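Written out below as structure tokens is the structure these notes cover.
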Amino acid sequence: MDTLFSHVTVLTMDARMSLWTDAFVGVTDGKISWLAKKAPEEQPQRIIDGSGMVLLPGLVNAHTHLPLSILRGYADDAAAERWLNDYILPREEKLDARCVKAATLLGIAESLRFGVTSVSEMYFYSDAQAEAFAESGMKANLAHSATMYLGDDFDFERDPACQELAALHEKWHGYDHGRIQVEAGIDAVYTSTYQLWDALAEYAINNKLGLQLHLSETKQAQDECEEKYGLTPAQLLDCHHVFDPRVTAAHCVHLTQEDMQLLAKRRVSAVHCPVSELKLASGCADVMGMVKAGMNVCLGTDSAASNNNLDLFEEMKACALMAKGRTGDPTAVPAEAALMMATVCGARAQGREAECGQIAVGMDADLILVDFNQPHLIPCHNVISNLVYAASGHDVALTMVRGKILYADGKFPTIDLNAVARELHDYVIPKVFSDSPEAKNA
């Protein structure tokens, strides 16, 4: 046995939400090998005292754009269209692969610090991102975000975004026994045309890949699609078989009831990003409606440019509060449901439900320790309630992926954070903000 967590409170996230107190969890060869109220007879190589700690499955951030961490705080309190067109896109155009790798490593470090063990990442310069994930030890479902405004002369074999996906798939899909999974990516209905949808859906189906996209994020996008096509975005994409592969659809703020039923039938997972959606005033997604329709709903942070952090604990609380405020029902999205969305449902959206999202013998040791010795977590009348309504990512004491500690005690064993910071300061920020007075204060 490699590692033994001793005398720890264990929240398994199984169907019964089983809670074990003063328990022992063992890890061998990256897998959970022991779960009992007593210590194993075998002497482990390392013992981690879990007294006053809660051990739970690592969180799954099902929608991120990690490189945008370098735009944290750059475009706050702006309307969505102005935020994107006047601030974000002009800076993104200056990025290169070197920038993206450094910024991705920064986002990975923040994610690990806050107890996230797997992300669904959607961006570009994806090969550089894959390198960052490979080095860090984190799990990732990595999608190259494709756009296409003019489609008459589209050819998959010549389109740069499609060819980047194909190269990414060939090089990285299944890396390290599936730790990195490559997925197709469609940015949104309003940034692409049907030729791209058809091609990427076909590629995903033929290669048994998942697919990520943004769906019904703003009322304007929803209305313009219905006016142009006579169909909602969900209905339109369904006509082009986009939902035939396993799909994670980010936001889903303005779905109709018919959309929800359609997406549930197609087994599409909705990724709720409440903090970003509130901050950009995109609206309040009908989480209860999606759940009642039979959809799998999970959680994401979106980017740090619109959030402004990658703390999935904040998303759990915001999700529960938003649902209660939207429905007028204090029982809407209880704490147990919010925690399920951040673990089990996220793993399901990634197609990883057989390997992570729960603590059980045989599952990957994707585990986090949360320190309940903190003043704001005392007393603890209800562990799940404390996790959702009182805790934050800053209470995470340890993050482990496949039995390997990737964060503990303020240290990142696989990431040289000082080197990343130097790269950001010396190269990335000057390049991206070279014509902006903000660069002087970066």
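The chains in the structure tokens are called A, B, ... from first to last as shown; in each chain the residues are counted from 1, and the ligands are counted from 1 in the order shown.
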Closest atom pairs, residues of region 24-74 of chain A within 9 Å of region 116-133 of chain A, only C-alpha atoms, as CSV:
residue,atom,partner,partner_atom,distance
A:Pro57,CA,A:Thr117,CA,8.7
A:Gly58,CA,A:Thr117,CA,5.1
A:Leu59,CA,A:Val116,CA,4.5
A:Val60,CA,A:Ser118,CA,5.0
A:Asn61,CA,A:Val119,CA,4.7
A:Ala62,CA,A:Ser120,CA,4.7
A:His63,CA,A:Ser120,CA,5.2
A:Thr64,CA,A:Glu121,CA,4.9
A:His65,CA,A:Met122,CA,5.6
A:Leu66,CA,A:Glu121,CA,7.1
A:Pro67,CA,A:Tyr123,CA,7.9
Requested in this report: Run DSSP on the backbone and grab whatever in region 105-171 of chain A lands in strand (DSSP E or B); send it over as number ranges by chain.
Outcome: A: 116-123, 139-144, 146
Query raised in the report: Using only C-alpha atoms, which of A:Gly351, A:Gly30, A:Gly410, A:Gly50 sits nearest Ile180 (chain A)?
Result: A:Gly351
Query - Contacts of Ala397 (chain A) within 10 Å, only C-alpha atoms, excl. fewer than 4 positions in-chain, as a PyMOL selection string - result: chain A and resi 53-54+113-115+368-372+393+407-410
**Report entry** Close residues, Asp153 (chain A) itself excluded, 12 Å, only C-alpha atoms, min 4 positions apart in chain, as number ranges by chain
**Finding:** A: 148-149, 157-159, 193, 195-196
Query raised in the report: How many Å lie between CA of Cys380 (chain A) and CA of Gly52 (chain A), rounded to one decimal?
Result: 10.4 Å
